[in-house]
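Participant: I'd like to ask you about the structure that follows.
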Amino acid sequence: MGFVAIGTIPETRYPAPLPPFTNEHEAFRMELREWVRAELRPHVVAWERDEWFDGAVFGWLAEKGWLGLSYPTEYGGAGKDRVWGAVMSEELARCGSGGLAAGIGAHIGIALPPIATFGTEAQKQRWLVPGLRGEKIAALAITEPGAGSDVASIRTRAERVDGGWRVNGAKTFITNGVRADLYVTAVRTTPEGGHHGTSFLVIEKGEGVTASPLHKLGWHASDTGEIAFADVFVPEDHLLGEENRGFHLIMANFQGERLGMALVALGEMRETFEFTVARLAEREKVSQSVRHHVAEMALSLETVAALTYATLRRHAAGQEAVREVSMAKLLSQRANLELQEQCMYLLGVEGVLAETGIERKLRDSRLGPIGGGTDEIMKEILGKTLGL
Ligand SMILES: Cc1cc2nc3c(=O)[nH]c(=O)nc-3n(C[C@H](O)[C@H](O)[C@H](O)COP(=O)(O)OP(=O)(O)OC[C@H]3O[C@@H](n4cnc5c(N)ncnc54)[C@H](O)[C@@H]3O)c2cc1C
């Protein structure tokens with residue numbers, strides 16, 4: 001049976017960029033899109049099957065100058081603004097594997113940013129510089145068995161010892177958890193922990209640290225790990241930011257992560273939508289019902305784009321955007337899941353064929369409303385920003 005794979009039909013090109021994007025951003029978008037199509041997509045089926053992508057990807061991106069796109073030049077970055085990073089999030093989503101995009105995103109989008117923002121000069125030299133060269137891979141380790149949404153209840157304990165800390169505990173659902181060389185880890189530094197007793201330590205892989213893979217519905221190419229810390233000695237100068245002020249770091253980091261997730265969802269939605277419309281247009285007849293479904297999806301897509309870009313404009317301008325980020329994350333992850341499901345349905349058997357690629361995108365999109373804070377947590381934050 002013949003089939004056409006997603007990613008093989010030319011997509012719509014956008015003639016005139018609208019703010020916050022400029023012609024420069026759009027030229028970069030097209031260059032990156034071609035690169036993703038030529039260099040990443042051909043590997044996706046194998047990497048999904050192996051539940052592991054080749055770590056060389058980090059080096060490839062570094063060589064192009066894209067791994068550190070929005071990081072300062074003095075640490076090996078390209079010094080571009082947040083809007084360039086947004087283009088990258090959207091375009092990497094077109095690689096066809098949510099897991100591959102997540103593995104890259106976890107390194108440059110959630111694990112290295114706290115080092116760039118809160119790290120000392122020595123810490124940046126030790127972890128950020130090799131991280132942006134793709135030589136050392138980082139993971140952000142906050143979630144624990146029994147402490148997901150309720151970050152305040154983490155139990156991993158760091159006790160003071162001569163010259164540093166001794167860490168005991170476990171983390172779970174950690175993206176890049178198995179391959180990581182370093183974990184930006186939330187720990188309790190007081191017996192009570194919570195908002196005034198949480199700190200961050202950078203824990204390097206070594207004695208007392210073990211990591212094992214978890215298997216999941218989607219994001220197969222990404223290694224999601226469970227990490228155990230058994231009497232791990234962590235030197236004093238591995239404290240990231242201020243002691244007992246870890247919550248500040250968590251909150252600051254969430255904004256970039258959630259906006260990044262909205263942009264990835266938007267990229268995934270666009271690709272599947274364009275593919276589906278192109279395939280439907282080849283049919284001899286399209287019913288009114290199908291046309292109306294497509295119209296609803298177009299509406300959803302543009303709503304996600306409008307909210308996400310409005311949020312990006314605020315975020316890139318350095319404005320407080322907690323409400324907008326929470327709304328964009330909530331809306332985009334659900335909308336992505338619904339659109340993937342709709343497209344699969346409209347394409348009939350073609351939609352469910354593994355080779356077409358939509359069934360993978362549907363599985364991948366199911367993780368979006370959970371990772372980075374669930375829908376209910378987004379609603380809680382939204383409610384609070386509304387004074388309730
Ligand atoms: C693929 C993947 C990758 C991930 N990568 C990382 C990573 O790199 N680093 C990391 O630290 N974490 C990571 N996570 C973990 C992620 O942040 C957590 O899954 C998320 O915070 C939710 O926690 P939980 O899964 O323990 O769910 P729970 O907190 O146990 O929630 C279960 C259900 O209860 C609901 N619920 C919980 N609290 C409330 C409330 N107050 N009100 C109403 N409903 C509520 C939730 O919405 C959810 O539906 C990843 C998760 C996934 C799925």
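Labels used: A, B, ... for chains in the order of the structure tokens, numbers from 1 for residues in each chain, and numbers from 1 for ligands as shown.
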Find the residues around Thr311 in chain A up to 12 Å (only C-alpha atoms counted), leave out those fewer than 3 positions away in its own chain, and share them as a PyMOL selection string.

Facilitator: chain A and resi 19-20+82-83+86+255-256+258-260+262-263+304-308+314-329

Participant: Okay, now the selection with N, CA and C atoms, as an mmCIF file, in the first residue's frame?

Facilitator:
data_model
loop_
_atom_site.group_PDB
_atom_site.id
_atom_site.type_symbol
_atom_site.label_atom_id
_atom_site.label_comp_id
_atom_site.auth_asym_id
_atom_site.auth_seq_id
_atom_site.Cartn_x
_atom_site.Cartn_y
_atom_site.Cartn_z
ATOM 1 N N PRO A 19 5.324 40.993 13.668
ATOM 2 C CA PRO A 19 6.040 41.057 14.940
ATOM 3 C C PRO A 19 5.625 39.909 15.857
ATOM 4 N N PRO A 20 6.529 39.302 16.615
ATOM 5 C CA PRO A 20 7.888 39.788 16.866
ATOM 6 C C PRO A 20 8.908 39.319 15.834
ATOM 7 N N ARG A 82 15.513 36.237 22.441
ATOM 8 C CA ARG A 82 14.616 35.113 22.740
ATOM 9 C C ARG A 82 13.761 34.708 21.529
ATOM 10 N N VAL A 83 13.551 35.662 20.622
ATOM 11 C CA VAL A 83 12.692 35.371 19.456
ATOM 12 C C VAL A 83 13.379 34.342 18.541
ATOM 13 N N ALA A 86 12.734 31.090 19.950
ATOM 14 C CA ALA A 86 11.348 30.686 19.698
ATOM 15 C C ALA A 86 11.219 30.056 18.313
ATOM 16 N N GLN A 255 8.858 29.689 33.313
ATOM 17 C CA GLN A 255 8.277 30.571 32.287
ATOM 18 C C GLN A 255 8.832 30.234 30.902
ATOM 19 N N GLY A 256 10.155 30.108 30.835
ATOM 20 C CA GLY A 256 10.784 29.765 29.547
ATOM 21 C C GLY A 256 10.379 28.373 29.093
ATOM 22 N N ARG A 258 7.615 26.623 29.793
ATOM 23 C CA ARG A 258 6.211 26.507 29.355
ATOM 24 C C ARG A 258 5.974 27.237 28.039
ATOM 25 N N LEU A 259 6.623 28.380 27.865
ATOM 26 C CA LEU A 259 6.495 29.078 26.582
ATOM 27 C C LEU A 259 7.118 28.219 25.476
ATOM 28 N N GLY A 260 8.245 27.618 25.777
ATOM 29 C CA GLY A 260 8.898 26.722 24.803
ATOM 30 C C GLY A 260 7.974 25.578 24.416
ATOM 31 N N ALA A 262 4.731 25.610 24.425
ATOM 32 C CA ALA A 262 3.653 26.149 23.575
ATOM 33 C C ALA A 262 4.153 26.289 22.135
ATOM 34 N N LEU A 263 5.393 26.743 21.982
ATOM 35 C CA LEU A 263 5.953 26.930 20.635
ATOM 36 C C LEU A 263 6.152 25.587 19.932
ATOM 37 N N VAL A 304 -4.064 29.427 18.926
ATOM 38 C CA VAL A 304 -2.833 29.063 19.642
ATOM 39 C C VAL A 304 -1.694 29.986 19.201
ATOM 40 N N ALA A 305 -1.587 30.213 17.893
ATOM 41 C CA ALA A 305 -0.502 31.073 17.392
ATOM 42 C C ALA A 305 -0.629 32.487 17.965
ATOM 43 N N ALA A 306 -1.842 33.023 17.964
ATOM 44 C CA ALA A 306 -2.033 34.402 18.438
ATOM 45 C C ALA A 306 -1.646 34.537 19.909
ATOM 46 N N LEU A 307 -2.116 33.619 20.732
ATOM 47 C CA LEU A 307 -1.815 33.695 22.166
ATOM 48 C C LEU A 307 -0.333 33.437 22.429
ATOM 49 N N THR A 308 0.222 32.449 21.743
ATOM 50 C CA THR A 308 1.633 32.105 21.980
ATOM 51 C C THR A 308 2.546 33.256 21.551
ATOM 52 N N ARG A 314 5.740 39.595 25.004
ATOM 53 C CA ARG A 314 5.903 40.056 26.390
ATOM 54 C C ARG A 314 7.178 39.486 27.010
ATOM 55 N N HIS A 315 7.329 38.185 26.868
ATOM 56 C CA HIS A 315 8.470 37.503 27.482
ATOM 57 C C HIS A 315 9.783 38.049 26.918
ATOM 58 N N ALA A 316 9.828 38.197 25.592
ATOM 59 C CA ALA A 316 11.060 38.670 24.945
ATOM 60 C C ALA A 316 11.367 40.117 25.336
ATOM 61 N N ALA A 317 10.323 40.864 25.683
ATOM 62 C CA ALA A 317 10.537 42.262 26.101
ATOM 63 C C ALA A 317 10.892 42.348 27.580
ATOM 64 N N GLY A 318 10.994 41.180 28.224
ATOM 65 C CA GLY A 318 11.386 41.153 29.636
ATOM 66 C C GLY A 318 10.255 41.497 30.586
ATOM 67 N N GLN A 319 9.020 41.453 30.087
ATOM 68 C CA GLN A 319 7.880 41.772 30.957
ATOM 69 C C GLN A 319 7.398 40.535 31.702
ATOM 70 N N GLU A 320 6.758 40.771 32.825
ATOM 71 C CA GLU A 320 6.142 39.686 33.590
ATOM 72 C C GLU A 320 5.009 39.072 32.735
ATOM 73 N N ALA A 321 5.022 37.758 32.597
ATOM 74 C CA ALA A 321 4.024 37.141 31.705
ATOM 75 C C ALA A 321 3.523 35.814 32.269
ATOM 76 N N VAL A 322 3.441 35.721 33.594
ATOM 77 C CA VAL A 322 3.036 34.447 34.203
ATOM 78 C C VAL A 322 1.638 34.029 33.739
ATOM 79 N N ARG A 323 0.741 34.987 33.716
ATOM 80 C CA ARG A 323 -0.631 34.652 33.301
ATOM 81 C C ARG A 323 -0.663 34.183 31.853
ATOM 82 N N GLU A 324 0.007 34.941 30.981
ATOM 83 C CA GLU A 324 -0.014 34.610 29.555
ATOM 84 C C GLU A 324 0.684 33.279 29.281
ATOM 85 N N VAL A 325 1.801 33.067 29.962
ATOM 86 C CA VAL A 325 2.534 31.808 29.759
ATOM 87 C C VAL A 325 1.663 30.629 30.179
ATOM 88 N N SER A 326 0.978 30.757 31.315
ATOM 89 C CA SER A 326 0.121 29.665 31.799
ATOM 90 C C SER A 326 -1.020 29.413 30.815
ATOM 91 N N MET A 327 -1.576 30.492 30.281
ATOM 92 C CA MET A 327 -2.673 30.332 29.311
ATOM 93 C C MET A 327 -2.166 29.672 28.026
ATOM 94 N N ALA A 328 -1.009 30.121 27.564
ATOM 95 C CA ALA A 328 -0.471 29.576 26.302
ATOM 96 C C ALA A 328 -0.151 28.098 26.458
ATOM 97 N N LYS A 329 0.412 27.730 27.611
ATOM 98 C CA LYS A 329 0.755 26.321 27.846
ATOM 99 C C LYS A 329 -0.528 25.491 27.902
#

Participant: Find the residues of range 50-131 of chain A that sit at most 10 Å from range 160-181 of chain A; for each, write down the nearest two atoms and how far apart they are in Å, to one decimal. Count only C-alpha atoms. Sort by chain, then by number going up, and give it as CSV.

Facilitator:
residue,atom,partner,partner_atom,distance
A:Trp52,CA,A:Arg179,CA,9.4
A:Gly55,CA,A:Arg179,CA,8.3
A:Gly99,CA,A:Thr175,CA,9.1
A:Ala102,CA,A:Thr175,CA,7.5
A:Gly103,CA,A:Asn176,CA,5.9
A:Ile104,CA,A:Asn176,CA,8.7
A:Gly105,CA,A:Thr175,CA,9.3
A:Ala106,CA,A:Thr175,CA,6.4
A:His107,CA,A:Asn176,CA,7.6
A:Ile110,CA,A:Thr175,CA,10.0
A:Ala111,CA,A:Thr175,CA,9.7
A:Trp127,CA,A:Asp181,CA,9.6
A:Gly131,CA,A:Asp181,CA,9.5

Participant: As a VMD selection string, which residues of range 160-332 of chain A does DSSP assign to alpha helix (DSSP H)?

Facilitator: chain A and resid 246 to 281 288 to 316 322 to 332

Participant: For ligand 1, collect every residue having any atom at a distance of at most 8 Å from a ligand atom (counting only C-alpha atoms and all ligand atoms); output as number ranges by chain.

Facilitator: A: 102, 106, 110, 139-151, 171-177, 216, 218-219, 224, 367-368, 370-377, 380

Participant: Just how far from CA of Leu339 in chain A is CA of Phe273 in chain A, in Å to one decimal?

Facilitator: 7.7 Å

Participant: I need the strand (DSSP E) residues of range 67-208 of chain A per DSSP on the backbone, written as a ChimeraX atom specification.

Facilitator: /A:138-141,157-161,164-175,182-188,198-204

Participant: Which one of A:Ala5, A:Tyr75, A:Glu192, A:Glu34 sits closest to Arg126 in chain A if you count only C-alpha atoms?

Facilitator: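 Closest to Arg126 in chain A, using only C-alpha atoms: A:Tyr75.
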
Participant: Can you work out which one of A:Glu91, A:Glu355, A:Asp81, A:Glu282 has the shortest atom-to-atom distance to Ala265 in chain A, counting only C-alpha atoms?

Facilitator: A:Glu91

Participant: Give me, please, the distance in Å between CA of Val209 in chain A and CA of Phe229 in chain A, quoted to one decimal.

Facilitator: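 Separation between CA of Val209 in chain A and CA of Phe229 in chain A: 4.9 Å.
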
Participant: Take CA of Leu32 in chain A and CA of Gly79 in chain A and report the distance between them in Å, one decimal.

Facilitator: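 A separation of 17.2 Å between them.
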